[in-house]
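Printed here is start.pdb (PDB, C-alpha atoms):
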MODEL        1
ATOM      1  CA  MET A   1      -8.872 -15.432  33.377
ATOM      2  CA  PRO A   2      -7.054 -15.037  30.051
ATOM      3  CA  ILE A   3      -4.267 -12.498  30.024
ATOM      4  CA  THR A   4      -5.032  -9.202  28.266
ATOM      5  CA  ILE A   5      -3.079  -6.472  26.511
ATOM      6  CA  ARG A   6      -3.341  -4.388  29.690
ATOM      7  CA  ASP A   7      -1.781  -7.227  31.704
ATOM      8  CA  ILE A   8       1.087  -7.467  29.200
ATOM      9  CA  ALA A   9       1.590  -3.699  29.359
ATOM     10  CA  LYS A  10       1.625  -3.619  33.182
ATOM     11  CA  GLU A  11       4.164  -6.442  33.466
ATOM     12  CA  ALA A  12       6.396  -4.964  30.738
ATOM     13  CA  GLY A  13       6.192  -1.473  32.250
ATOM     14  CA  VAL A  14       4.796   0.134  29.094
ATOM     15  CA  SER A  15       1.437   1.512  27.982
ATOM     16  CA  ALA A  16      -1.353  -0.647  26.549
ATOM     17  CA  THR A  17      -1.078   1.459  23.377
ATOM     18  CA  SER A  18       2.560   0.444  23.014
ATOM     19  CA  VAL A  19       1.644  -3.243  23.289
ATOM     20  CA  SER A  20      -1.121  -2.754  20.716
ATOM     21  CA  PHE A  21       1.333  -1.079  18.328
ATOM     22  CA  PHE A  22       3.798  -3.913  18.887
ATOM     23  CA  LEU A  23       1.189  -6.581  18.066
ATOM     24  CA  ASN A  24       0.297  -4.716  14.880
ATOM     25  CA  GLY A  25       3.920  -4.496  13.754
ATOM     26  CA  LYS A  26       4.195  -0.751  14.282
ATOM     27  CA  THR A  27       7.491  -0.778  16.162
ATOM     28  CA  GLU A  28       9.657   1.530  14.068
ATOM     29  CA  HIS A  29       9.781   4.165  16.847
ATOM     30  CA  PHE A  30      10.345   1.681  19.678
ATOM     31  CA  SER A  31      13.719   1.301  21.330
ATOM     32  CA  LYS A  32      15.357  -2.110  21.265
ATOM     33  CA  GLU A  33      14.899  -2.309  25.030
ATOM     34  CA  THR A  34      11.131  -1.674  24.793
ATOM     35  CA  ARG A  35      10.681  -4.298  22.074
ATOM     36  CA  SER A  36      12.667  -6.816  24.118
ATOM     37  CA  LYS A  37      10.545  -6.200  27.237
ATOM     38  CA  ILE A  38       7.259  -6.702  25.399
ATOM     39  CA  GLU A  39       8.552  -9.772  23.542
ATOM     40  CA  GLU A  40       9.755 -11.357  26.786
ATOM     41  CA  VAL A  41       6.409 -10.879  28.585
ATOM     42  CA  ILE A  42       4.419 -12.161  25.592
ATOM     43  CA  ARG A  43       6.630 -15.239  25.316
ATOM     44  CA  LYS A  44       6.563 -15.855  29.084
ATOM     45  CA  ASN A  45       2.746 -15.760  29.202
ATOM     46  CA  ASP A  46       2.239 -17.515  25.858
ATOM     47  CA  PHE A  47      -0.019 -14.618  24.880
ATOM     48  CA  THR A  48      -2.135 -14.757  21.718
ATOM     49  CA  PRO A  49      -4.119 -11.641  20.756
ATOM     50  CA  SER A  50      -7.890 -11.980  20.442
ATOM     51  CA  TYR A  51      -8.807 -11.464  16.817
ATOM     52  CA  GLN A  52     -12.468 -11.481  17.794
ATOM     53  CA  ALA A  53     -11.919  -8.450  19.981
ATOM     54  CA  LYS A  54      -9.856  -6.808  17.282
ATOM     55  CA  ALA A  55     -12.613  -7.454  14.752
ATOM     56  CA  ILE A  56     -15.294  -5.937  16.982
ATOM     57  CA  LYS A  57     -13.188  -2.856  17.646
ATOM     58  CA  SER A  58     -12.235  -2.286  14.008
ATOM     59  CA  GLY A  59     -15.457  -3.422  12.365
ATOM     60  CA  LYS A  60     -13.494  -5.956  10.322
ATOM     61  CA  THR A  61     -13.298  -9.752  10.326
ATOM     62  CA  PHE A  62      -9.791  -9.804   8.800
ATOM     63  CA  LEU A  63     -11.011 -12.470   6.376
ATOM     64  CA  ILE A  64     -10.479 -12.377   2.605
ATOM     65  CA  GLY A  65     -12.685 -14.446   0.317
ATOM     66  CA  VAL A  66     -10.583 -16.016  -2.454
ATOM     67  CA  VAL A  67     -12.579 -17.622  -5.274
ATOM     68  CA  ILE A  68     -10.860 -19.658  -7.998
ATOM     69  CA  SER A  69     -12.107 -22.107 -10.608
ATOM     70  CA  ASP A  70      -9.591 -24.923 -10.097
ATOM     71  CA  ILE A  71      -6.930 -26.109  -7.655
ATOM     72  CA  THR A  72      -5.445 -29.133  -9.424
ATOM     73  CA  GLN A  73      -2.755 -27.172 -11.307
ATOM     74  CA  SER A  74       0.410 -25.487 -10.061
ATOM     75  CA  PHE A  75      -0.797 -22.309 -11.810
ATOM     76  CA  TRP A  76      -3.424 -21.757  -9.109
ATOM     77  CA  MET A  77      -1.276 -22.941  -6.223
ATOM     78  CA  ASP A  78       1.369 -20.348  -7.067
ATOM     79  CA  ILE A  79      -1.267 -17.596  -7.201
ATOM     80  CA  ILE A  80      -2.657 -18.660  -3.823
ATOM     81  CA  SER A  81       0.866 -18.658  -2.390
ATOM     82  CA  GLY A  82       1.319 -15.044  -3.501
ATOM     83  CA  ILE A  83      -2.007 -13.987  -1.982
ATOM     84  CA  GLU A  84      -1.251 -15.727   1.304
ATOM     85  CA  GLU A  85       2.172 -14.098   1.574
ATOM     86  CA  ILE A  86       0.722 -10.581   1.446
ATOM     87  CA  ILE A  87      -2.482 -10.932   3.445
ATOM     88  CA  GLU A  88      -0.736 -12.824   6.250
ATOM     89  CA  ALA A  89       1.798 -10.017   6.564
ATOM     90  CA  ASN A  90      -1.185  -7.686   7.013
ATOM     91  CA  GLN A  91      -2.789  -9.992   9.628
ATOM     92  CA  TYR A  92      -5.599 -11.147   7.343
ATOM     93  CA  HIS A  93      -6.677 -14.720   6.721
ATOM     94  CA  MET A  94      -7.991 -16.492   3.645
ATOM     95  CA  LEU A  95     -11.274 -18.276   3.027
ATOM     96  CA  LEU A  96     -10.647 -20.248  -0.164
ATOM     97  CA  VAL A  97     -13.484 -21.536  -2.339
ATOM     98  CA  VAL A  98     -12.985 -23.587  -5.525
ATOM     99  CA  LEU A  99     -15.763 -23.439  -8.129
ATOM    100  CA  HIS A 100     -14.534 -26.404 -10.199
ATOM    101  CA  GLY A 101     -15.808 -24.651 -13.311
ATOM    102  CA  ASP A 102     -19.420 -24.745 -12.087
ATOM    103  CA  LEU A 103     -21.175 -21.458 -12.840
ATOM    104  CA  LYS A 104     -24.192 -22.503 -10.774
ATOM    105  CA  ARG A 105     -22.043 -22.507  -7.629
ATOM    106  CA  GLU A 106     -21.040 -18.846  -7.914
ATOM    107  CA  LYS A 107     -24.189 -17.501  -6.257
ATOM    108  CA  LYS A 108     -23.982 -20.006  -3.372
ATOM    109  CA  VAL A 109     -20.299 -19.226  -2.912
ATOM    110  CA  LEU A 110     -20.919 -15.499  -2.643
ATOM    111  CA  GLU A 111     -23.740 -16.048  -0.156
ATOM    112  CA  PHE A 112     -21.467 -18.269   1.951
ATOM    113  CA  LEU A 113     -18.588 -15.784   1.976
ATOM    114  CA  ASN A 114     -20.889 -12.868   2.749
ATOM    115  CA  ARG A 115     -22.349 -14.791   5.692
ATOM    116  CA  LYS A 116     -18.791 -15.232   6.956
ATOM    117  CA  GLY A 117     -18.421 -11.446   6.769
ATOM    118  CA  VAL A 118     -15.313 -11.328   4.566
ATOM    119  CA  ASP A 119     -13.806  -7.868   4.249
ATOM    120  CA  GLY A 120     -13.003  -8.221   0.542
ATOM    121  CA  PHE A 121     -12.649 -10.572  -2.403
ATOM    122  CA  ILE A 122      -9.968 -11.821  -4.776
ATOM    123  CA  TYR A 123     -11.975 -13.410  -7.553
ATOM    124  CA  ALA A 124     -11.065 -15.482 -10.625
ATOM    125  CA  PRO A 125     -14.237 -15.600 -12.757
ATOM    126  CA  ILE A 126     -15.266 -18.665 -14.757
ATOM    127  CA  THR A 127     -15.034 -17.920 -18.473
ATOM    128  CA  ASP A 128     -16.828 -19.600 -21.354
ATOM    129  CA  ASN A 129     -15.186 -20.757 -24.592
ATOM    130  CA  ASP A 130     -15.232 -17.206 -25.949
ATOM    131  CA  GLY A 131     -13.596 -15.736 -22.861
ATOM    132  CA  ASN A 132     -16.830 -14.184 -21.547
ATOM    133  CA  PHE A 133     -17.786 -14.178 -17.863
ATOM    134  CA  ASN A 134     -20.436 -12.694 -15.604
ATOM    135  CA  LEU A 135     -19.087  -9.148 -15.578
ATOM    136  CA  CYS A 136     -22.289  -7.624 -14.173
ATOM    137  CA  SER A 137     -22.104  -9.886 -11.128
ATOM    138  CA  LEU A 138     -18.490  -8.856 -10.453
ATOM    139  CA  GLN A 139     -19.303  -5.165 -10.874
ATOM    140  CA  GLU A 140     -22.233  -5.405  -8.461
ATOM    141  CA  LEU A 141     -20.117  -7.256  -5.909
ATOM    142  CA  ALA A 142     -17.329  -4.663  -6.243
ATOM    143  CA  LYS A 143     -19.825  -1.918  -5.362
ATOM    144  CA  ARG A 144     -20.542  -3.602  -2.022
ATOM    145  CA  LYS A 145     -17.078  -4.731  -0.985
ATOM    146  CA  PRO A 146     -13.462  -4.265  -2.123
ATOM    147  CA  LEU A 147     -12.753  -6.744  -4.920
ATOM    148  CA  VAL A 148      -9.840  -7.575  -7.190
ATOM    149  CA  CYS A 149     -10.387  -9.733 -10.264
ATOM    150  CA  ILE A 150      -7.529 -12.052 -11.266
ATOM    151  CA  THR A 151      -6.698 -13.875 -14.535
ATOM    152  CA  ALA A 152      -9.237 -11.737 -16.420
ATOM    153  CA  ASN A 153      -9.691  -8.078 -17.341
ATOM    154  CA  ALA A 154     -12.977  -6.940 -15.790
ATOM    155  CA  ASP A 155     -14.090  -3.489 -16.927
ATOM    156  CA  GLY A 156     -14.698  -1.151 -13.988
ATOM    157  CA  VAL A 157     -13.173  -3.594 -11.485
ATOM    158  CA  SER A 158      -9.569  -3.709 -10.267
ATOM    159  CA  SER A 159      -7.922  -6.517 -12.255
ATOM    160  CA  VAL A 160      -4.572  -8.326 -12.387
ATOM    161  CA  TYR A 161      -4.019 -10.693 -15.301
ATOM    162  CA  ASN A 162      -1.536 -11.948 -17.871
ATOM    163  CA  ASN A 163      -1.381 -10.346 -21.302
ATOM    164  CA  ASP A 164      -1.994 -13.518 -23.303
ATOM    165  CA  SER A 165      -1.543 -11.691 -26.610
ATOM    166  CA  ALA A 166       1.972 -10.640 -25.641
ATOM    167  CA  GLY A 167       2.817 -14.245 -24.767
ATOM    168  CA  GLY A 168       1.766 -15.582 -28.168
ATOM    169  CA  GLU A 169       3.602 -12.754 -29.898
ATOM    170  CA  GLN A 170       6.842 -13.503 -28.044
ATOM    171  CA  VAL A 171       6.790 -17.162 -29.038
ATOM    172  CA  ALA A 172       6.154 -16.325 -32.698
ATOM    173  CA  GLU A 173       8.964 -13.774 -32.800
ATOM    174  CA  TYR A 174      11.343 -16.186 -31.089
ATOM    175  CA  PHE A 175      10.680 -18.969 -33.590
ATOM    176  CA  MET A 176      11.120 -16.540 -36.488
ATOM    177  CA  HIS A 177      14.368 -15.268 -34.979
ATOM    178  CA  LYS A 178      15.592 -18.873 -34.852
ATOM    179  CA  GLY A 179      14.714 -19.338 -38.517
ATOM    180  CA  HIS A 180      11.641 -21.571 -38.176
ATOM    181  CA  LYS A 181       8.994 -21.267 -40.869
ATOM    182  CA  LYS A 182       7.534 -24.768 -40.867
ATOM    183  CA  VAL A 183       5.637 -24.319 -37.635
ATOM    184  CA  ALA A 184       2.492 -25.670 -35.992
ATOM    185  CA  TYR A 185       0.352 -24.936 -32.940
ATOM    186  CA  ILE A 186      -1.169 -27.590 -30.661
ATOM    187  CA  GLY A 187      -4.012 -26.848 -28.245
ATOM    188  CA  GLN A 188      -7.108 -24.741 -27.800
ATOM    189  CA  LEU A 189      -7.660 -21.381 -29.454
ATOM    190  CA  LYS A 190     -10.293 -20.103 -26.995
ATOM    191  CA  PRO A 191     -10.834 -18.568 -24.520
ATOM    192  CA  PHE A 192      -7.112 -17.750 -24.385
ATOM    193  CA  VAL A 193      -5.799 -15.922 -27.432
ATOM    194  CA  ARG A 194      -2.110 -16.900 -27.372
ATOM    195  CA  GLY A 195      -2.560 -19.519 -30.106
ATOM    196  CA  ALA A 196      -4.519 -17.239 -32.439
ATOM    197  CA  ILE A 197      -1.983 -14.422 -31.979
ATOM    198  CA  PHE A 198       0.849 -16.871 -32.715
ATOM    199  CA  ILE A 199      -0.834 -18.038 -35.929
ATOM    200  CA  ASN A 200      -1.703 -14.505 -37.069
ATOM    201  CA  HIS A 201       1.839 -13.275 -36.507
ATOM    202  CA  PHE A 202       3.203 -15.752 -39.053
ATOM    203  CA  LYS A 203       0.304 -15.044 -41.379
ATOM    204  CA  LYS A 204       1.475 -11.431 -41.668
ATOM    205  CA  TYR A 205       4.636 -12.777 -43.297
ATOM    206  CA  GLY A 206       2.792 -15.126 -45.614
ATOM    207  CA  ILE A 207       3.519 -18.223 -43.529
ATOM    208  CA  ASN A 208       0.697 -20.660 -42.821
ATOM    209  CA  VAL A 209       0.637 -22.194 -39.333
ATOM    210  CA  GLU A 210      -1.326 -25.427 -39.015
ATOM    211  CA  HIS A 211      -3.487 -25.812 -35.908
ATOM    212  CA  PHE A 212      -3.932 -29.199 -34.197
ATOM    213  CA  ASN A 213      -6.266 -29.779 -31.254
ATOM    214  CA  LYS A 214      -4.319 -32.702 -29.807
ATOM    215  CA  VAL A 215      -0.820 -34.156 -29.897
ATOM    216  CA  ASP A 216      -2.072 -37.359 -31.498
ATOM    217  CA  ASP A 217      -3.548 -35.355 -34.383
ATOM    218  CA  PHE A 218      -0.174 -33.700 -34.922
ATOM    219  CA  MET A 219       1.839 -36.927 -34.825
ATOM    220  CA  HIS A 220       0.538 -37.974 -38.257
ATOM    221  CA  MET A 221       2.148 -34.817 -39.716
ATOM    222  CA  ILE A 222       5.155 -34.455 -37.423
ATOM    223  CA  ASN A 223       7.772 -34.804 -40.161
ATOM    224  CA  ASN A 224       6.388 -31.752 -41.970
ATOM    225  CA  TYR A 225       7.426 -29.295 -39.271
ATOM    226  CA  THR A 226      10.572 -28.009 -37.582
ATOM    227  CA  ALA A 227       8.902 -26.286 -34.630
ATOM    228  CA  VAL A 228       5.755 -26.478 -32.503
ATOM    229  CA  PHE A 229       4.168 -24.076 -30.029
ATOM    230  CA  CYS A 230       2.091 -25.857 -27.376
ATOM    231  CA  PHE A 231      -0.797 -24.240 -25.522
ATOM    232  CA  CYS A 232       0.638 -25.359 -22.168
ATOM    233  CA  ASP A 233       3.591 -27.208 -20.670
ATOM    234  CA  SER A 234       1.646 -30.436 -20.163
ATOM    235  CA  ILE A 235       1.001 -30.619 -23.925
ATOM    236  CA  ALA A 236       4.673 -29.867 -24.588
ATOM    237  CA  ILE A 237       5.704 -32.734 -22.292
ATOM    238  CA  GLU A 238       3.312 -35.129 -24.036
ATOM    239  CA  LEU A 239       4.647 -34.037 -27.421
ATOM    240  CA  CYS A 240       8.288 -34.503 -26.438
ATOM    241  CA  ASP A 241       7.555 -37.990 -25.119
ATOM    242  CA  LYS A 242       5.688 -39.110 -28.229
ATOM    243  CA  ALA A 243       8.249 -37.509 -30.550
ATOM    244  CA  ARG A 244      11.025 -39.550 -28.915
ATOM    245  CA  ARG A 245       8.990 -42.720 -29.348
ATOM    246  CA  HIS A 246       8.621 -41.734 -32.986
ATOM    247  CA  GLY A 247      12.414 -41.690 -33.276
ATOM    248  CA  LEU A 248      12.836 -37.914 -33.229
ATOM    249  CA  THR A 249      15.226 -35.912 -31.052
ATOM    250  CA  ILE A 250      14.323 -32.661 -29.310
ATOM    251  CA  PRO A 251      15.458 -30.119 -30.482
ATOM    252  CA  ASP A 252      17.558 -31.515 -33.343
ATOM    253  CA  ASP A 253      14.564 -32.848 -35.254
ATOM    254  CA  LEU A 254      11.778 -30.806 -33.670
ATOM    255  CA  SER A 255      11.839 -27.602 -31.627
ATOM    256  CA  VAL A 256       9.206 -27.225 -28.905
ATOM    257  CA  ILE A 257       7.961 -24.328 -26.763
ATOM    258  CA  GLY A 258       5.475 -24.722 -23.929
ATOM    259  CA  TYR A 259       3.505 -22.239 -21.846
ATOM    260  CA  ASP A 260       3.104 -21.788 -18.054
ATOM    261  CA  ASN A 261       6.652 -22.464 -16.750
ATOM    262  CA  MET A 262       5.507 -25.248 -14.454
ATOM    263  CA  ASP A 263       7.838 -25.832 -11.512
ATOM    264  CA  PHE A 264       9.306 -29.143 -12.712
ATOM    265  CA  ILE A 265       9.666 -28.262 -16.418
ATOM    266  CA  GLN A 266      13.242 -27.026 -15.917
ATOM    267  CA  TYR A 267      14.369 -30.478 -14.750
ATOM    268  CA  LEU A 268      13.367 -32.350 -17.909
ATOM    269  CA  CYS A 269      15.907 -33.378 -20.516
ATOM    270  CA  PRO A 270      16.200 -31.344 -22.591
ATOM    271  CA  LYS A 271      14.988 -28.430 -20.517
ATOM    272  CA  ILE A 272      11.933 -27.051 -22.267
ATOM    273  CA  THR A 273      11.712 -23.450 -23.407
ATOM    274  CA  THR A 274       8.455 -22.014 -22.106
ATOM    275  CA  VAL A 275       6.596 -18.827 -21.202
ATOM    276  CA  ASP A 276       6.356 -17.728 -17.591
ATOM    277  CA  GLN A 277       2.985 -16.271 -16.572
ATOM    278  CA  HIS A 278       4.079 -14.544 -13.351
ATOM    279  CA  LYS A 279       1.751 -16.804 -11.368
ATOM    280  CA  LYS A 280       2.860 -15.871  -7.870
ATOM    281  CA  GLU A 281       3.173 -12.223  -8.888
ATOM    282  CA  ILE A 282      -0.512 -12.198  -9.859
ATOM    283  CA  GLY A 283      -1.395 -13.233  -6.318
ATOM    284  CA  VAL A 284       1.045 -10.801  -4.720
ATOM    285  CA  LYS A 285      -0.092  -7.784  -6.744
ATOM    286  CA  ALA A 286      -3.796  -8.597  -6.383
ATOM    287  CA  ALA A 287      -3.425  -8.923  -2.612
ATOM    288  CA  LYS A 288      -1.473  -5.644  -2.368
ATOM    289  CA  ILE A 289      -4.161  -3.805  -4.316
ATOM    290  CA  LEU A 290      -6.850  -5.274  -2.070
ATOM    291  CA  MET A 291      -4.947  -4.352   1.102
ATOM    292  CA  ASN A 292      -4.703  -0.761  -0.135
ATOM    293  CA  MET A 293      -8.423  -0.746  -0.883
ATOM    294  CA  LEU A 294      -9.207  -1.997   2.621
ATOM    295  CA  GLU A 295      -7.030   0.750   4.079
ATOM    296  CA  SER A 296      -8.812   3.301   1.841
ATOM    297  CA  LYS A 297      -5.553   4.116   0.073
ATOM    298  CA  CYS A 298      -7.099   3.712  -3.380
ATOM    299  CA  SER A 299     -10.641   4.048  -4.684
ATOM    300  CA  LEU A 300     -10.388   4.008  -8.473
ATOM    301  CA  PRO A 301     -10.156   0.621 -10.262
ATOM    302  CA  ILE A 302      -6.602  -0.467 -11.094
ATOM    303  CA  ASN A 303      -6.027  -2.362 -14.336
ATOM    304  CA  LEU A 304      -2.736  -4.250 -14.183
ATOM    305  CA  PRO A 305      -1.797  -6.491 -17.147
ATOM    306  CA  LEU A 306       1.422  -8.484 -16.713
ATOM    307  CA  ASN A 307       3.497  -9.321 -19.767
ATOM    308  CA  PRO A 308       4.508 -13.012 -19.821
ATOM    309  CA  LYS A 309       8.220 -13.707 -20.185
ATOM    310  CA  LEU A 310       9.745 -16.268 -22.532
ATOM    311  CA  ILE A 311      12.195 -18.497 -20.641
ATOM    312  CA  GLU A 312      14.866 -19.695 -23.066
ATOM    313  CA  ARG A 313      16.176 -23.181 -22.335
ATOM    314  CA  GLU A 314      17.226 -26.115 -24.541
ATOM    315  CA  SER A 315      14.257 -27.245 -26.645
ATOM    316  CA  VAL A 316      14.619 -24.868 -29.610
ATOM    317  CA  LYS A 317      17.285 -25.187 -32.278
ATOM    318  CA  SER A 318      18.446 -22.341 -34.486
ATOM    319  CA  LEU A 319      18.011 -22.885 -38.237
ATOM    320  CA  THR A 320      19.286 -19.519 -39.355
ATOM    321  CA  ARG A 321      22.364 -21.024 -41.051
ATOM    322  CA  ARG A 322      20.703 -24.072 -42.503
ATOM    323  CA  SER A 323      19.114 -24.466 -45.901
ATOM    324  CA  ASP A 324      15.865 -25.837 -44.446
ATOM    325  CA  ALA A 325      15.239 -22.458 -42.818
ATOM    326  CA  LYS A 326      14.535 -20.995 -46.267
TER     327      LYS A 326
ENDMDL
END

Give the structure from this file in structure tokens form.
Amino acid sequence: MPITIRDIAKEAGVSATSVSFFLNGKTEHFSKETRSKIEEVIRKNDFTPSYQAKAIKSGKTFLIGVVISDITQSFWMDIISGIEEIIEANQYHMLLVVLHGDLKREKKVLEFLNRKGVDGFIYAPITDNDGNFNLCSLQELAKRKPLVCITANADGVSSVYNNDSAGGEQVAEYFMHKGHKKVAYIGQLKPFVRGAIFINHFKKYGINVEHFNKVDDFMHMINNYTAVFCFCDSIAIELCDKARRHGLTIPDDLSVIGYDNMDFIQYLCPKITTVDQHKKEIGVKAAKILMNMLESKCSLPINLPLNPKLIERESVKSLTRRSDAK
């Protein structure tokens, strides 16, 4: 017969309640001697608590459904790492589903996770080119089970996301502070607004910012600019590589700023200035909000925008004392 909590308690000379508290991490009022006794008996008997029994008793499965649109980028892996760190500490486990940008899969995914009896959701909705997503579906789901939306602001639903406007604004102000007026932007304008905010910031000062969809489009005009803001770090890396092949030096001939703060970007030469999106923090904060919801510690939706942070490195040159900054 498998050993039970009562068996552990009897051998350790404590109550079954004490063993239960110990297994749930509630040991702040235990003496060191009591903790040592319980630990020794558990280790001796190679005891593993039955989560099935715990689920039946509590009415919970201790499973969290995590739905994201992609898994091929470090952006998502860092978010997942943050979620895992918090839910594991609270003895929950993750059921991860990747939509791969397929809106038709959303309904099947929700049916699957509901059949598994997940206690709550952390959900990254698929957005269209205008930044729209199925808000009604999220709101209906949030009425049935605790849910936290990530990477998007969902009205009436607890949400944790990056303030993309603030990110674009920071880059524009940084370039202006460094004296750059001949600037360009490479990458998409929707659904993320960082590029449009960047362009509009310069427009307020009468400076026109040219928009290019791809690096190759920009290369034909590269000598006309002193600085470029790239939609993401991967575009910034491509630009730096092609600029070098073109005979230009970063940042002496062209200043470059990326976006994302990918893990390896700091090891390039030169180290690329970029914008950090608090990827792991999104996961950590979303998971903490969900844990509080599951413990009935909060009922009203929490809206938590995170302001991206510009990470200054070596890919931007100051022109404030040069004539070409005029």

How close does range 166-204 of chain A get to range 305-323 of chain A? List, as CSV, each residue of range 166-204 of chain A within 6 Å, its nearest atom pair and the distance in Å to one decimal, counting only C-alpha atoms.
residue,atom,partner,partner_atom,distance
A:Gly167,CA,A:Pro308,CA,5.4
A:Lys178,CA,A:Ser318,CA,4.5
A:Gly179,CA,A:Thr320,CA,4.7

Tell me, counting all atoms listed in the file, for each residue of range 97-171 of chain A within 12 Å of range 248-258 of chain A, which pair of atoms is nearest and how far apart they are in Å to one decimal, in rows ordered by chain and increasing number, as JSON lines.
{"residue": "A:Gly167", "atom": "CA", "partner": "A:Gly258", "partner_atom": "CA", "distance": 10.8}
{"residue": "A:Gly168", "atom": "CA", "partner": "A:Gly258", "partner_atom": "CA", "distance": 10.7}
{"residue": "A:Gln170", "atom": "CA", "partner": "A:Ile257", "partner_atom": "CA", "distance": 11.0}
{"residue": "A:Val171", "atom": "CA", "partner": "A:Ile257", "partner_atom": "CA", "distance": 7.6}

>> On this structure, the PyMOL selection byres ((chain A and resi 182-190) around 8) would catch which residues? List them as a PyMOL selection string, sorted by chain and number.
In response: chain A and resi 129-131+180-181+191-196+199+209-215+218+224-232+235

Residue subset to file, keeping C-alpha atoms, as an mmCIF file, in the coordinates of the input:
data_model
loop_
_atom_site.group_PDB
_atom_site.id
_atom_site.type_symbol
_atom_site.label_atom_id
_atom_site.label_comp_id
_atom_site.auth_asym_id
_atom_site.auth_seq_id
_atom_site.Cartn_x
_atom_site.Cartn_y
_atom_site.Cartn_z
ATOM 1 C CA ASN A 129 -15.186 -20.757 -24.592
ATOM 2 C CA ASP A 130 -15.232 -17.206 -25.949
ATOM 3 C CA GLY A 131 -13.596 -15.736 -22.861
ATOM 4 C CA HIS A 180 11.641 -21.571 -38.176
ATOM 5 C CA LYS A 181 8.994 -21.267 -40.869
ATOM 6 C CA PRO A 191 -10.834 -18.568 -24.520
ATOM 7 C CA PHE A 192 -7.112 -17.750 -24.385
ATOM 8 C CA VAL A 193 -5.799 -15.922 -27.432
ATOM 9 C CA ARG A 194 -2.110 -16.900 -27.372
ATOM 10 C CA GLY A 195 -2.560 -19.519 -30.106
ATOM 11 C CA ALA A 196 -4.519 -17.239 -32.439
ATOM 12 C CA ILE A 199 -0.834 -18.038 -35.929
ATOM 13 C CA VAL A 209 0.637 -22.194 -39.333
ATOM 14 C CA GLU A 210 -1.326 -25.427 -39.015
ATOM 15 C CA HIS A 211 -3.487 -25.812 -35.908
ATOM 16 C CA PHE A 212 -3.932 -29.199 -34.197
ATOM 17 C CA ASN A 213 -6.266 -29.779 -31.254
ATOM 18 C CA LYS A 214 -4.319 -32.702 -29.807
ATOM 19 C CA VAL A 215 -0.820 -34.156 -29.897
ATOM 20 C CA PHE A 218 -0.174 -33.700 -34.922
ATOM 21 C CA ASN A 224 6.388 -31.752 -41.970
ATOM 22 C CA TYR A 225 7.426 -29.295 -39.271
ATOM 23 C CA THR A 226 10.572 -28.009 -37.582
ATOM 24 C CA ALA A 227 8.902 -26.286 -34.630
ATOM 25 C CA VAL A 228 5.755 -26.478 -32.503
ATOM 26 C CA PHE A 229 4.168 -24.076 -30.029
ATOM 27 C CA CYS A 230 2.091 -25.857 -27.376
ATOM 28 C CA PHE A 231 -0.797 -24.240 -25.522
ATOM 29 C CA CYS A 232 0.638 -25.359 -22.168
ATOM 30 C CA ILE A 235 1.001 -30.619 -23.925
#

Mind checking which residues fall within 9 Å of Ile282 in chain A, counting all atoms listed in the file, ignoring those fewer than 3 positions away in the same chain, and posting them as a PDB file with C-alpha atoms, keeping the file's coordinate frame?
ATOM      1  CA  ASP A  78       1.369 -20.348  -7.067  1.00  0.00           C
ATOM      2  CA  ILE A  79      -1.267 -17.596  -7.201  1.00  0.00           C
ATOM      3  CA  GLY A  82       1.319 -15.044  -3.501  1.00  0.00           C
ATOM      4  CA  ILE A  83      -2.007 -13.987  -1.982  1.00  0.00           C
ATOM      5  CA  ILE A 150      -7.529 -12.052 -11.266  1.00  0.00           C
ATOM      6  CA  THR A 151      -6.698 -13.875 -14.535  1.00  0.00           C
ATOM      7  CA  VAL A 160      -4.572  -8.326 -12.387  1.00  0.00           C
ATOM      8  CA  TYR A 161      -4.019 -10.693 -15.301  1.00  0.00           C
ATOM      9  CA  ASN A 162      -1.536 -11.948 -17.871  1.00  0.00           C
ATOM     10  CA  GLN A 277       2.985 -16.271 -16.572  1.00  0.00           C
ATOM     11  CA  HIS A 278       4.079 -14.544 -13.351  1.00  0.00           C
ATOM     12  CA  LYS A 279       1.751 -16.804 -11.368  1.00  0.00           C
ATOM     13  CA  LYS A 285      -0.092  -7.784  -6.744  1.00  0.00           C
ATOM     14  CA  ALA A 286      -3.796  -8.597  -6.383  1.00  0.00           C
ATOM     15  CA  ALA A 287      -3.425  -8.923  -2.612  1.00  0.00           C
ATOM     16  CA  LEU A 306       1.422  -8.484 -16.713  1.00  0.00           C
TER      17      LEU A 306
END

>> Between CA of Ser74 in chain A and CA of Ile86 in chain A, what distance in Å does the model show, to one decimal?
In response: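 CA of Ile86 in chain A lies 18.8 Å from CA of Ser74 in chain A.
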
>> I'd like the interatomic distance between CA of Thr127 in chain A and CA of Val148 in chain A, to a tenth of an Å.
In response: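 Between CA of Thr127 in chain A and CA of Val148 in chain A the gap is 16.2 Å.
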
>> Applying the PyMOL selection byres ((chain A and resi 291) around 12) to the file I just gave you, which residues come out? Please list them as a PyMOL selection string.
In response: chain A and resi 62-64+83-84+86-93+119-122+146-148+284-290+292-299

>> Could you tell me how far CA of His100 in chain A sits from CA of Thr273 in chain A, in Å to one decimal place?
In response: 29.5 Å

> Which residue gives the smallest distance to Glu281 in chain A among A:Asp217, A:Glu85, A:Glu238, A:Glu106, with all atoms listed in the file counted?
Replying inline: A:Glu85

Which centre and edge lengths in Å to one decimal define the box along x, y and z that fits every listed atom of range 179-187 of chain A plus 6 Å per side, as JSON?
{"center_x": 5.4, "center_y": -23.5, "center_z": -34.6, "size_x": 30.7, "size_y": 20.3, "size_z": 24.6}

> Between A:Ser137, A:Met94, A:Leu304, A:Phe75, which one has atoms that come closest to Asp276 in chain A, using all atoms listed in the file?
Replying inline: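 Going through A:Ser137, A:Met94, A:Leu304, A:Phe75 one by one, the smallest distance to Asp276 in chain A is for A:Phe75.
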